[in-house]
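First the structure, in the form of structure tokens, and then the observations on it.
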Amino acid sequence: MFLVCGEALFDLFGSDTGKDSLNFDARIGGSPLNVAMGLARMGEDTAFFGGISKDALGEKLAQKLKDEGISDRYVLRTDHLTTLSLVQQSPDGQPAYTFYGVNAADRMVFEKDLPEFETSPAFIHIGSYTALTDPVASALKSLILREHARSIISFDPNIRPTVVADMELWRKNTQAIVPHSDVIKVSDEDLDLIAPGEPVDAIAKDWLAEGAKLVVVTRGKDGASAFTAQSEANVPGVPVNVIDTVGAGDTFQAALLSGLNTLGVSGRQNLSDLSSSHLTRLMTFCTRAAAITCSRRGADLPTMADLEKDGSALK
């Protein structure tokens with residue numbers, strides 16, 4: 001089982017009417033929830049752990065989990081409100097987010113709320129602002145420390161400056177989580193924010209030396225690179241008619257985890273043993289999956305049928 005932990009929220013895509021009002025298109029989102037949806041759509045056994053409100057928007061989120069086939073057995077329902085994310089897009093489809101979520105349901109999760117498992121998940125994924133903002137961040141860090149001996153830990157820093165503007169806090173938090181992570185996926189944009197001017201390969205090698213087994217760096221339209229202690233792979237981007245890039249990184253993350261499962265990765269040694277050929281196949285699969293999402297409005301992640309139809313399934 002894949003356990004994805006973190007925020008579930010609503011993205012509000014605004015359009016200016018030219019008068020005294022704005023129109024909003026509200027879409028279900030949140031990076032971890034998107035990753036969970038992506039995994040479920042790829043046919044993986046997936047559960048979600050996070051705080052979801054009992055308000056009207058929270059009811060929509062809870063129903064979405066059911067509709068997508070994501071297990072809600074670990075979901076924490078509370079009276080705190082649902083986080084809203086205002087999404088503004090640049091002309092090339094790049095999103096900028098403004099979050100309204102202080103003391104919201106996704107952040108008000110405590111260590112006492114952590115789930116207990118009869119069988120530990122094969123993979124646990126954390127990331128984005130719920131890996132930084134307390135109390136939920138402290139709870140999630142306790143979870144990965146508790147389960148590290150039994151589960152592969154996946155981490156995506158997914159920097160959100162409009163949640164916490166201090167990049168030094170993001171950098172220190174990322175560095176604190178790296179030694180307890182096995183798979184790290186990070187964008188070049190995030191690295192520019194927390195480690196400006198530092199070579200990507202040097203950062204990857206440092207993280208591998210600190211305990212990570214696989215580090216993946218995404219470069220948007222320019223593709224992605226993967227690093228292990230023994231191997232490396234670089235793949236180009238996939239040409240696509242971009243509608244927007246919302247959810248592209250989450251699609252890549254879901255494809256990465258699903259792809260590792262397809263390749264038979266069940267432990268840390270399997271990650272270390274991945275060859276350059278394996279990494280190239282995996283990165284190609286992930287970039288193609290992300291390209292499909294870029295061709296759609298919002299975080300509409302592909303199903304395995306979409307990937308097979310597009311010729312993008314992992315081979």
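Chain labels run A, B, ... following the order of the structure tokens; each chain numbers its residues from 1, and ligands are numbered from 1 in the order shown.
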
Could you find all residues in stretch 78-283 of chain A that DSSP calls strand (DSSP E or B) from the backbone, and write them as a compact mmCIF listing (two decimals) with all heavy atoms, in the first residue's frame?
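As written to disk, selection-v1.txt reads:
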# COMPACT_ATOMS: atom_id res chain seq x y z
N THR A 78 -12.28 16.90 11.01
CA THR A 78 -12.31 17.86 12.11
C THR A 78 -13.25 19.02 11.77
O THR A 78 -13.73 19.15 10.64
CB THR A 78 -10.91 18.43 12.38
OG1 THR A 78 -10.54 19.34 11.34
CG2 THR A 78 -9.87 17.32 12.47
N LEU A 84 -8.05 27.13 1.29
CA LEU A 84 -8.30 27.60 -0.07
C LEU A 84 -6.99 28.11 -0.66
O LEU A 84 -6.22 28.80 0.01
CB LEU A 84 -9.34 28.73 -0.08
CG LEU A 84 -10.71 28.39 0.49
CD1 LEU A 84 -11.62 29.62 0.43
CD2 LEU A 84 -11.35 27.23 -0.28
N SER A 85 -6.75 27.78 -1.92
CA SER A 85 -5.55 28.22 -2.62
C SER A 85 -5.98 29.01 -3.86
O SER A 85 -6.61 28.46 -4.76
CB SER A 85 -4.70 27.02 -3.03
OG SER A 85 -3.70 27.40 -3.94
N LEU A 86 -5.64 30.29 -3.88
CA LEU A 86 -5.94 31.13 -5.04
C LEU A 86 -4.83 30.95 -6.06
O LEU A 86 -3.66 31.20 -5.78
CB LEU A 86 -6.05 32.60 -4.62
CG LEU A 86 -6.37 33.61 -5.73
CD1 LEU A 86 -7.71 33.29 -6.37
CD2 LEU A 86 -6.36 35.01 -5.15
N VAL A 87 -5.19 30.50 -7.26
CA VAL A 87 -4.21 30.19 -8.29
C VAL A 87 -4.24 31.27 -9.37
O VAL A 87 -5.29 31.52 -9.98
CB VAL A 87 -4.48 28.81 -8.94
CG1 VAL A 87 -3.36 28.46 -9.92
CG2 VAL A 87 -4.60 27.74 -7.87
N GLN A 88 -3.10 31.90 -9.59
CA GLN A 88 -2.96 32.86 -10.67
C GLN A 88 -1.94 32.30 -11.65
O GLN A 88 -0.90 31.77 -11.25
CB GLN A 88 -2.50 34.21 -10.12
CG GLN A 88 -3.50 34.85 -9.16
CD GLN A 88 -2.90 36.00 -8.40
OE1 GLN A 88 -2.00 35.82 -7.58
NE2 GLN A 88 -3.40 37.19 -8.66
N GLN A 89 -2.21 32.44 -12.93
CA GLN A 89 -1.36 31.82 -13.93
C GLN A 89 -0.66 32.87 -14.79
O GLN A 89 -1.24 33.88 -15.17
CB GLN A 89 -2.17 30.90 -14.84
CG GLN A 89 -2.68 29.64 -14.12
CD GLN A 89 -3.56 28.81 -15.01
OE1 GLN A 89 -4.78 28.78 -14.87
NE2 GLN A 89 -2.93 28.14 -15.95
N PRO A 95 1.73 28.29 -12.60
CA PRO A 95 0.85 28.76 -11.52
C PRO A 95 1.60 29.46 -10.40
O PRO A 95 2.75 29.13 -10.10
CB PRO A 95 0.22 27.46 -11.02
CG PRO A 95 1.30 26.44 -11.23
CD PRO A 95 2.05 26.86 -12.49
N ALA A 96 0.94 30.42 -9.79
CA ALA A 96 1.42 31.04 -8.54
C ALA A 96 0.28 30.91 -7.54
O ALA A 96 -0.88 31.20 -7.87
CB ALA A 96 1.80 32.49 -8.77
N TYR A 97 0.60 30.50 -6.32
CA TYR A 97 -0.42 30.16 -5.35
C TYR A 97 -0.42 31.13 -4.16
O TYR A 97 0.63 31.51 -3.65
CB TYR A 97 -0.18 28.74 -4.79
CG TYR A 97 -0.17 27.65 -5.83
CD1 TYR A 97 1.01 27.27 -6.46
CD2 TYR A 97 -1.33 26.98 -6.17
CE1 TYR A 97 1.03 26.26 -7.41
CE2 TYR A 97 -1.33 25.97 -7.12
CZ TYR A 97 -0.14 25.62 -7.73
OH TYR A 97 -0.13 24.61 -8.67
N THR A 98 -1.62 31.51 -3.74
CA THR A 98 -1.79 32.24 -2.49
C THR A 98 -2.73 31.42 -1.61
O THR A 98 -3.86 31.12 -2.01
CB THR A 98 -2.40 33.63 -2.74
OG1 THR A 98 -1.57 34.36 -3.64
CG2 THR A 98 -2.52 34.41 -1.43
N PHE A 99 -2.24 31.06 -0.41
CA PHE A 99 -2.99 30.13 0.44
C PHE A 99 -3.72 30.86 1.57
O PHE A 99 -3.17 31.75 2.20
CB PHE A 99 -2.04 29.09 1.04
CG PHE A 99 -1.49 28.12 0.03
CD1 PHE A 99 -0.34 28.41 -0.69
CD2 PHE A 99 -2.13 26.92 -0.21
CE1 PHE A 99 0.16 27.53 -1.62
CE2 PHE A 99 -1.64 26.02 -1.14
CZ PHE A 99 -0.48 26.33 -1.85
N TYR A 100 -4.96 30.42 1.81
CA TYR A 100 -5.76 30.88 2.93
C TYR A 100 -6.04 29.66 3.79
O TYR A 100 -6.98 28.91 3.53
CB TYR A 100 -7.05 31.52 2.44
CG TYR A 100 -6.83 32.72 1.54
CD1 TYR A 100 -6.57 32.57 0.18
CD2 TYR A 100 -6.85 34.02 2.06
CE1 TYR A 100 -6.35 33.67 -0.65
CE2 TYR A 100 -6.64 35.12 1.24
CZ TYR A 100 -6.38 34.94 -0.10
OH TYR A 100 -6.15 36.03 -0.91
N PHE A 123 5.16 2.15 0.89
CA PHE A 123 5.70 3.49 0.67
C PHE A 123 4.89 4.49 1.50
O PHE A 123 3.66 4.39 1.57
CB PHE A 123 5.57 3.91 -0.80
CG PHE A 123 6.46 3.16 -1.76
CD1 PHE A 123 6.12 1.88 -2.21
CD2 PHE A 123 7.62 3.74 -2.26
CE1 PHE A 123 6.91 1.20 -3.11
CE2 PHE A 123 8.42 3.07 -3.16
CZ PHE A 123 8.07 1.80 -3.59
N ILE A 124 5.58 5.46 2.09
CA ILE A 124 4.93 6.61 2.72
C ILE A 124 5.47 7.86 2.06
O ILE A 124 6.69 8.04 1.97
CB ILE A 124 5.19 6.65 4.24
CG1 ILE A 124 4.60 5.43 4.93
CG2 ILE A 124 4.62 7.93 4.85
CD1 ILE A 124 4.91 5.35 6.42
N HIS A 125 4.57 8.71 1.59
CA HIS A 125 4.99 9.94 0.91
C HIS A 125 4.54 11.16 1.70
O HIS A 125 3.37 11.25 2.12
CB HIS A 125 4.39 10.02 -0.50
CG HIS A 125 4.67 11.32 -1.17
ND1 HIS A 125 5.92 11.65 -1.66
CD2 HIS A 125 3.88 12.40 -1.43
CE1 HIS A 125 5.88 12.86 -2.19
NE2 HIS A 125 4.66 13.35 -2.06
N ILE A 126 5.47 12.10 1.92
CA ILE A 126 5.14 13.39 2.53
C ILE A 126 5.72 14.50 1.67
O ILE A 126 6.58 14.27 0.82
CB ILE A 126 5.65 13.52 3.98
CG1 ILE A 126 7.18 13.63 4.01
CG2 ILE A 126 5.17 12.35 4.83
CD1 ILE A 126 7.73 14.02 5.36
N GLY A 127 5.25 15.71 1.91
CA GLY A 127 5.81 16.84 1.17
C GLY A 127 4.92 18.06 1.23
O GLY A 127 3.87 18.08 1.87
N ILE A 152 9.39 2.43 2.72
CA ILE A 152 10.20 3.34 1.91
C ILE A 152 9.59 4.73 2.04
O ILE A 152 8.39 4.92 1.81
CB ILE A 152 10.23 2.90 0.44
CG1 ILE A 152 10.99 1.57 0.30
CG2 ILE A 152 10.87 3.97 -0.45
CD1 ILE A 152 10.97 0.98 -1.09
N ILE A 153 10.40 5.70 2.42
CA ILE A 153 9.92 7.06 2.66
C ILE A 153 10.22 7.93 1.44
O ILE A 153 11.36 8.02 0.98
CB ILE A 153 10.57 7.69 3.90
CG1 ILE A 153 10.39 6.77 5.12
CG2 ILE A 153 9.99 9.08 4.16
CD1 ILE A 153 8.95 6.47 5.49
N SER A 154 9.18 8.59 0.95
CA SER A 154 9.29 9.48 -0.22
C SER A 154 9.02 10.91 0.23
O SER A 154 8.12 11.16 1.04
CB SER A 154 8.28 9.05 -1.29
OG SER A 154 8.14 10.04 -2.28
N PHE A 155 9.77 11.87 -0.34
CA PHE A 155 9.68 13.27 0.08
C PHE A 155 9.80 14.19 -1.12
O PHE A 155 10.67 14.03 -1.96
CB PHE A 155 10.79 13.57 1.10
CG PHE A 155 10.93 15.00 1.49
CD1 PHE A 155 9.83 15.76 1.90
CD2 PHE A 155 12.18 15.62 1.49
CE1 PHE A 155 9.98 17.10 2.27
CE2 PHE A 155 12.34 16.94 1.87
CZ PHE A 155 11.23 17.68 2.25
N ASP A 156 8.88 15.15 -1.18
CA ASP A 156 8.94 16.22 -2.17
C ASP A 156 8.86 17.55 -1.42
O ASP A 156 7.81 17.89 -0.89
CB ASP A 156 7.77 16.11 -3.16
CG ASP A 156 7.72 17.26 -4.16
OD1 ASP A 156 8.66 18.08 -4.19
OD2 ASP A 156 6.73 17.34 -4.93
N VAL A 183 13.48 8.24 -1.13
CA VAL A 183 13.23 8.77 -2.47
C VAL A 183 12.92 10.25 -2.33
O VAL A 183 12.01 10.63 -1.60
CB VAL A 183 12.04 8.06 -3.16
CG1 VAL A 183 11.77 8.66 -4.54
CG2 VAL A 183 12.31 6.57 -3.26
N ILE A 184 13.68 11.09 -3.01
CA ILE A 184 13.44 12.53 -2.98
C ILE A 184 13.23 13.03 -4.40
O ILE A 184 14.07 12.81 -5.27
CB ILE A 184 14.61 13.31 -2.34
CG1 ILE A 184 14.90 12.79 -0.94
CG2 ILE A 184 14.29 14.81 -2.30
CD1 ILE A 184 16.14 13.39 -0.31
N LYS A 185 12.10 13.66 -4.62
CA LYS A 185 11.82 14.31 -5.90
C LYS A 185 11.74 15.80 -5.65
O LYS A 185 11.00 16.25 -4.78
CB LYS A 185 10.51 13.79 -6.49
CG LYS A 185 10.25 14.19 -7.95
CD LYS A 185 9.62 15.55 -8.12
CE LYS A 185 8.18 15.59 -7.65
NZ LYS A 185 7.59 16.96 -7.87
N VAL A 186 12.50 16.59 -6.40
CA VAL A 186 12.53 18.03 -6.20
C VAL A 186 12.63 18.71 -7.56
O VAL A 186 13.26 18.19 -8.48
CB VAL A 186 13.71 18.43 -5.29
CG1 VAL A 186 15.05 18.08 -5.94
CG2 VAL A 186 13.65 19.89 -4.91
N SER A 187 12.01 19.87 -7.71
CA SER A 187 12.11 20.61 -8.97
C SER A 187 13.33 21.52 -8.94
O SER A 187 13.80 21.94 -7.87
CB SER A 187 10.85 21.44 -9.20
OG SER A 187 10.79 22.53 -8.30
N LEU A 214 17.58 7.50 -3.78
CA LEU A 214 17.25 7.96 -5.13
C LEU A 214 16.85 9.42 -5.05
O LEU A 214 15.95 9.77 -4.28
CB LEU A 214 16.11 7.13 -5.72
CG LEU A 214 15.51 7.62 -7.05
CD1 LEU A 214 16.55 7.57 -8.17
CD2 LEU A 214 14.28 6.77 -7.42
N VAL A 215 17.52 10.25 -5.83
CA VAL A 215 17.18 11.67 -5.91
C VAL A 215 16.81 11.99 -7.36
O VAL A 215 17.57 11.67 -8.28
CB VAL A 215 18.35 12.57 -5.46
CG1 VAL A 215 17.99 14.05 -5.64
CG2 VAL A 215 18.72 12.28 -4.02
N VAL A 216 15.65 12.60 -7.54
CA VAL A 216 15.17 12.96 -8.87
C VAL A 216 14.96 14.46 -8.92
O VAL A 216 14.31 15.03 -8.02
CB VAL A 216 13.85 12.23 -9.20
CG1 VAL A 216 13.28 12.72 -10.53
CG2 VAL A 216 14.08 10.72 -9.23
N VAL A 217 15.49 15.10 -9.95
CA VAL A 217 15.33 16.53 -10.14
C VAL A 217 14.56 16.76 -11.43
O VAL A 217 14.97 16.31 -12.50
CB VAL A 217 16.69 17.26 -10.21
CG1 VAL A 217 16.47 18.77 -10.41
CG2 VAL A 217 17.50 17.00 -8.95
N THR A 218 13.42 17.45 -11.32
CA THR A 218 12.62 17.75 -12.51
C THR A 218 12.96 19.14 -13.02
O THR A 218 13.25 20.05 -12.23
CB THR A 218 11.11 17.67 -12.20
OG1 THR A 218 10.78 18.64 -11.19
CG2 THR A 218 10.74 16.28 -11.70
N ALA A 224 14.12 15.68 -16.94
CA ALA A 224 14.41 15.30 -15.55
C ALA A 224 15.71 14.51 -15.47
O ALA A 224 16.17 13.94 -16.46
CB ALA A 224 13.26 14.46 -14.98
N SER A 225 16.27 14.48 -14.27
CA SER A 225 17.49 13.71 -14.01
C SER A 225 17.28 12.87 -12.76
O SER A 225 16.58 13.28 -11.83
CB SER A 225 18.69 14.64 -13.77
OG SER A 225 18.93 15.46 -14.90
N ALA A 226 17.89 11.69 -12.75
CA ALA A 226 17.80 10.79 -11.60
C ALA A 226 19.20 10.38 -11.17
O ALA A 226 20.07 10.15 -12.02
CB ALA A 226 16.96 9.56 -11.94
N PHE A 227 19.39 10.28 -9.87
CA PHE A 227 20.70 9.96 -9.31
C PHE A 227 20.57 8.90 -8.22
O PHE A 227 19.71 9.01 -7.34
CB PHE A 227 21.34 11.20 -8.67
CG PHE A 227 21.45 12.41 -9.56
CD1 PHE A 227 20.38 13.28 -9.69
CD2 PHE A 227 22.62 12.68 -10.26
CE1 PHE A 227 20.47 14.41 -10.50
CE2 PHE A 227 22.72 13.80 -11.07
CZ PHE A 227 21.65 14.67 -11.19
N GLU A 232 23.15 7.17 -12.91
CA GLU A 232 22.57 8.48 -13.21
C GLU A 232 21.88 8.38 -14.56
O GLU A 232 22.29 7.62 -15.45
CB GLU A 232 23.67 9.54 -13.26
CG GLU A 232 23.19 10.95 -13.52
CD GLU A 232 24.31 11.96 -13.49
OE1 GLU A 232 25.34 11.71 -12.82
OE2 GLU A 232 24.18 13.02 -14.15
N ALA A 233 20.82 9.16 -14.73
CA ALA A 233 20.11 9.20 -16.01
C ALA A 233 19.52 10.58 -16.22
O ALA A 233 19.10 11.24 -15.26
CB ALA A 233 19.01 8.14 -16.05
N ASN A 234 19.51 11.00 -17.48
CA ASN A 234 18.92 12.29 -17.86
C ASN A 234 18.00 12.06 -19.05
O ASN A 234 18.39 11.38 -20.00
CB ASN A 234 20.01 13.29 -18.24
CG ASN A 234 20.96 13.59 -17.11
OD1 ASN A 234 20.64 14.35 -16.20
ND2 ASN A 234 22.13 12.96 -17.14
N VAL A 235 16.79 12.61 -19.00
CA VAL A 235 15.88 12.48 -20.13
C VAL A 235 15.37 13.87 -20.51
O VAL A 235 15.23 14.75 -19.65
CB VAL A 235 14.68 11.55 -19.82
CG1 VAL A 235 15.16 10.15 -19.46
CG2 VAL A 235 13.82 12.12 -18.70

For A:Ala26, work out the shell of residues within 9 Å, counting only C-alpha atoms and skipping chain neighbours fewer than 4 positions away, then give it as a count of residues only. 5

- Task: Report as a ChimeraX atom specification: the residues of stretch 110-275 of chain A with a DSSP assignment of helix (DSSP H, G or I), based on the backbone of this structure.
- Result: /A:111-113,128-131,136-147,167-180,188-194,200-209,220-222,248-262,268-272

What are the nearest atom pairs, with distances in Å to one decimal, for all residues of stretch 127-232 of chain A that come at most 10 Å from stretch 44-67 of chain A, using only C-alpha atoms, set out by chain and rising residue number as JSON lines?
{"residue": "A:Thr130", "atom": "CA", "partner": "A:Gly50", "partner_atom": "CA", "distance": 9.2}
{"residue": "A:Val136", "atom": "CA", "partner": "A:Gly50", "partner_atom": "CA", "distance": 8.6}
{"residue": "A:Leu140", "atom": "CA", "partner": "A:Gly50", "partner_atom": "CA", "distance": 9.6}

Original post:
Leaving out A:Phe252 and any residue of its chain fewer than 6 positions from it, which residues lie within 7 Å of it when counting only C-alpha atoms, given as a PyMOL selection string?
Top reply: chain A and resi 286-287+289-290

I need the residues from that last selection saved to file as a PDB file, in the first residue's frame (with C-alpha atoms), if you can.
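As written to disk, out_5.pdb reads:
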ATOM      1  CA  CYS A 286       7.279  10.113 -15.468  1.00  0.00           C
ATOM      2  CA  THR A 287       7.867  12.931 -17.959  1.00  0.00           C
ATOM      3  CA  ALA A 289       2.719  11.209 -17.596  1.00  0.00           C
ATOM      4  CA  ALA A 290       3.347  14.817 -16.504  1.00  0.00           C
TER       5      ALA A 290
END

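Minimum distance to A:Glu308 across A:Ala131, A:Val35, A:Val75, A:Ile292 (counting only C-alpha atoms) occurs at A:Ile292.
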
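Taking only C-alpha atoms, the non-local environment of A:Val178 within 10 Å (same-chain residues fewer than 2 positions away omitted) comprises Ile153, Ser154, Phe155, Asp156, Pro157, Asn173, Thr174, Gln175, Ala176, His180, Ser181, Asp182, Val183, Ile184, Asp206, Trp207, Leu208, Glu210, Gly211 and Ala212 of chain A.
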
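Between atom CA of A:Gly247 and atom CA of A:Leu9 lies a distance of 13.1 Å.
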
Checklist line | A:His278 environment, 12 Å, only C-alpha atoms, sequence neighbours closer than 4 positions dropped, as a list in words | finding: Ala226, Phe227, Thr228, Ser231, Glu232, Ala233, Asn234, Leu256, Gly259, Leu260, Thr262, Leu263, Gly264, Val265, Asn270, Leu271, Ser272, Asp273, Leu274, Leu282, Met283, Thr284, Phe285, Leu314 and Lys315 of chain A

Limited to N, CA and C atoms, could you put the picked residues into a file as a PDB file, in the first residue's frame?
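out32.pdb written:
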ATOM      1  N   ALA A 226      17.887  11.688 -12.751  1.00  0.00           N
ATOM      2  CA  ALA A 226      17.798  10.793 -11.597  1.00  0.00           C
ATOM      3  C   ALA A 226      19.197  10.384 -11.173  1.00  0.00           C
ATOM      4  N   PHE A 227      19.392  10.281  -9.865  1.00  0.00           N
ATOM      5  CA  PHE A 227      20.702   9.961  -9.308  1.00  0.00           C
ATOM      6  C   PHE A 227      20.573   8.899  -8.218  1.00  0.00           C
ATOM      7  N   THR A 228      21.417   7.872  -8.283  1.00  0.00           N
ATOM      8  CA  THR A 228      21.659   6.986  -7.156  1.00  0.00           C
ATOM      9  C   THR A 228      23.159   7.028  -6.884  1.00  0.00           C
ATOM     10  N   SER A 231      24.408   5.139 -10.150  1.00  0.00           N
ATOM     11  CA  SER A 231      23.907   5.370 -11.505  1.00  0.00           C
ATOM     12  C   SER A 231      23.320   6.762 -11.650  1.00  0.00           C
ATOM     13  N   GLU A 232      23.148   7.172 -12.907  1.00  0.00           N
ATOM     14  CA  GLU A 232      22.570   8.481 -13.210  1.00  0.00           C
ATOM     15  C   GLU A 232      21.878   8.381 -14.565  1.00  0.00           C
ATOM     16  N   ALA A 233      20.821   9.159 -14.734  1.00  0.00           N
ATOM     17  CA  ALA A 233      20.114   9.202 -16.012  1.00  0.00           C
ATOM     18  C   ALA A 233      19.520  10.579 -16.224  1.00  0.00           C
ATOM     19  N   ASN A 234      19.512  11.005 -17.476  1.00  0.00           N
ATOM     20  CA  ASN A 234      18.918  12.289 -17.858  1.00  0.00           C
ATOM     21  C   ASN A 234      18.003  12.061 -19.052  1.00  0.00           C
ATOM     22  N   LEU A 256       6.408   8.323 -10.536  1.00  0.00           N
ATOM     23  CA  LEU A 256       7.676   7.853  -9.977  1.00  0.00           C
ATOM     24  C   LEU A 256       7.438   6.712  -8.987  1.00  0.00           C
ATOM     25  N   GLY A 259       5.940   3.728 -10.781  1.00  0.00           N
ATOM     26  CA  GLY A 259       6.972   3.110 -11.609  1.00  0.00           C
ATOM     27  C   GLY A 259       7.954   2.293 -10.799  1.00  0.00           C
ATOM     28  N   LEU A 260       8.323   2.786  -9.619  1.00  0.00           N
ATOM     29  CA  LEU A 260       9.208   2.015  -8.755  1.00  0.00           C
ATOM     30  C   LEU A 260       8.554   0.689  -8.359  1.00  0.00           C
ATOM     31  N   THR A 262       6.312  -0.899 -10.140  1.00  0.00           N
ATOM     32  CA  THR A 262       6.321  -1.727 -11.355  1.00  0.00           C
ATOM     33  C   THR A 262       7.686  -2.375 -11.567  1.00  0.00           C
ATOM     34  N   LEU A 263       8.748  -1.652 -11.233  1.00  0.00           N
ATOM     35  CA  LEU A 263      10.106  -2.180 -11.400  1.00  0.00           C
ATOM     36  C   LEU A 263      10.488  -3.152 -10.287  1.00  0.00           C
ATOM     37  N   GLY A 264       9.575  -3.390  -9.346  1.00  0.00           N
ATOM     38  CA  GLY A 264       9.817  -4.374  -8.307  1.00  0.00           C
ATOM     39  C   GLY A 264      10.592  -3.871  -7.117  1.00  0.00           C
ATOM     40  N   VAL A 265      10.635  -2.544  -6.935  1.00  0.00           N
ATOM     41  CA  VAL A 265      11.353  -1.986  -5.798  1.00  0.00           C
ATOM     42  C   VAL A 265      10.538  -2.219  -4.527  1.00  0.00           C
ATOM     43  N   ASN A 270      16.961  -2.258  -3.287  1.00  0.00           N
ATOM     44  CA  ASN A 270      16.436  -2.226  -4.662  1.00  0.00           C
ATOM     45  C   ASN A 270      16.622  -0.843  -5.280  1.00  0.00           C
ATOM     46  N   LEU A 271      16.415   0.207  -4.487  1.00  0.00           N
ATOM     47  CA  LEU A 271      16.604   1.564  -4.988  1.00  0.00           C
ATOM     48  C   LEU A 271      18.065   1.790  -5.377  1.00  0.00           C
ATOM     49  N   SER A 272      18.969   1.370  -4.526  1.00  0.00           N
ATOM     50  CA  SER A 272      20.396   1.556  -4.792  1.00  0.00           C
ATOM     51  C   SER A 272      20.856   0.778  -6.010  1.00  0.00           C
ATOM     52  N   ASP A 273      20.181  -0.336  -6.295  1.00  0.00           N
ATOM     53  CA  ASP A 273      20.604  -1.208  -7.389  1.00  0.00           C
ATOM     54  C   ASP A 273      20.030  -0.813  -8.754  1.00  0.00           C
ATOM     55  N   LEU A 274      19.186   0.214  -8.798  1.00  0.00           N
ATOM     56  CA  LEU A 274      18.615   0.618 -10.080  1.00  0.00           C
ATOM     57  C   LEU A 274      19.718   1.041 -11.048  1.00  0.00           C
ATOM     58  N   LEU A 282      12.307   4.849 -16.237  1.00  0.00           N
ATOM     59  CA  LEU A 282      11.457   5.428 -15.200  1.00  0.00           C
ATOM     60  C   LEU A 282      11.239   6.911 -15.448  1.00  0.00           C
ATOM     61  N   MET A 283      12.300   7.657 -15.746  1.00  0.00           N
ATOM     62  CA  MET A 283      12.174   9.096 -15.988  1.00  0.00           C
ATOM     63  C   MET A 283      11.358   9.383 -17.244  1.00  0.00           C
ATOM     64  N   THR A 284      11.501   8.551 -18.258  1.00  0.00           N
ATOM     65  CA  THR A 284      10.711   8.718 -19.479  1.00  0.00           C
ATOM     66  C   THR A 284       9.225   8.545 -19.191  1.00  0.00           C
ATOM     67  N   PHE A 285       8.913   7.530 -18.413  1.00  0.00           N
ATOM     68  CA  PHE A 285       7.529   7.293 -18.006  1.00  0.00           C
ATOM     69  C   PHE A 285       6.971   8.487 -17.239  1.00  0.00           C
ATOM     70  N   LEU A 314       5.009   2.383 -18.634  1.00  0.00           N
ATOM     71  CA  LEU A 314       6.383   1.971 -18.341  1.00  0.00           C
ATOM     72  C   LEU A 314       6.672   0.652 -19.039  1.00  0.00           C
ATOM     73  N   LYS A 315       7.771   0.637 -19.796  1.00  0.00           N
ATOM     74  CA  LYS A 315       8.126  -0.555 -20.570  1.00  0.00           C
ATOM     75  C   LYS A 315       9.529  -1.014 -20.192  1.00  0.00           C
TER      76      LYS A 315
END

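Each of A:Arg146, A:Gly223, A:Ala229, A:Leu193 was compared to A:Lys205 using only C-alpha atoms, and A:Ala229 turns out to be the nearest.
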
Just the residues within 8 Å of A:Lys221, please, counting only C-alpha atoms, with nothing from its chain fewer than 4 positions along; format it as a tab-separated table (two decimals) with all heavy atoms, in the first residue's frame.
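What landed in selection-v9.tsv:
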chain	number	residue	atom	x	y	z
A	236	PRO	N	15.08	14.08	-21.80
A	236	PRO	CA	14.56	15.38	-22.24
A	236	PRO	C	13.09	15.53	-21.91
A	236	PRO	O	12.41	14.55	-21.55
A	236	PRO	CB	14.79	15.34	-23.75
A	236	PRO	CG	14.68	13.88	-24.09
A	236	PRO	CD	15.28	13.14	-22.91
A	237	GLY	N	12.58	16.74	-22.04
A	237	GLY	CA	11.16	16.97	-21.85
A	237	GLY	C	10.35	16.44	-23.02
A	237	GLY	O	10.90	16.05	-24.06
A	238	VAL	N	9.04	16.40	-22.84
A	238	VAL	CA	8.12	15.92	-23.87
A	238	VAL	C	7.38	17.12	-24.45
A	238	VAL	O	6.71	17.85	-23.71
A	238	VAL	CB	7.11	14.91	-23.27
A	238	VAL	CG1	6.11	14.46	-24.33
A	238	VAL	CG2	7.85	13.72	-22.68
A	239	PRO	N	7.47	17.35	-25.76
A	239	PRO	CA	6.73	18.48	-26.36
A	239	PRO	C	5.23	18.30	-26.15
A	239	PRO	O	4.69	17.21	-26.34
A	239	PRO	CB	7.09	18.38	-27.84
A	239	PRO	CG	8.37	17.60	-27.89
A	239	PRO	CD	8.28	16.62	-26.75

The residue from A:Ala313, A:Val109, A:Val163, A:Cys294 with the smallest atom-to-atom distance to A:Gly220, counting only C-alpha atoms, is A:Cys294
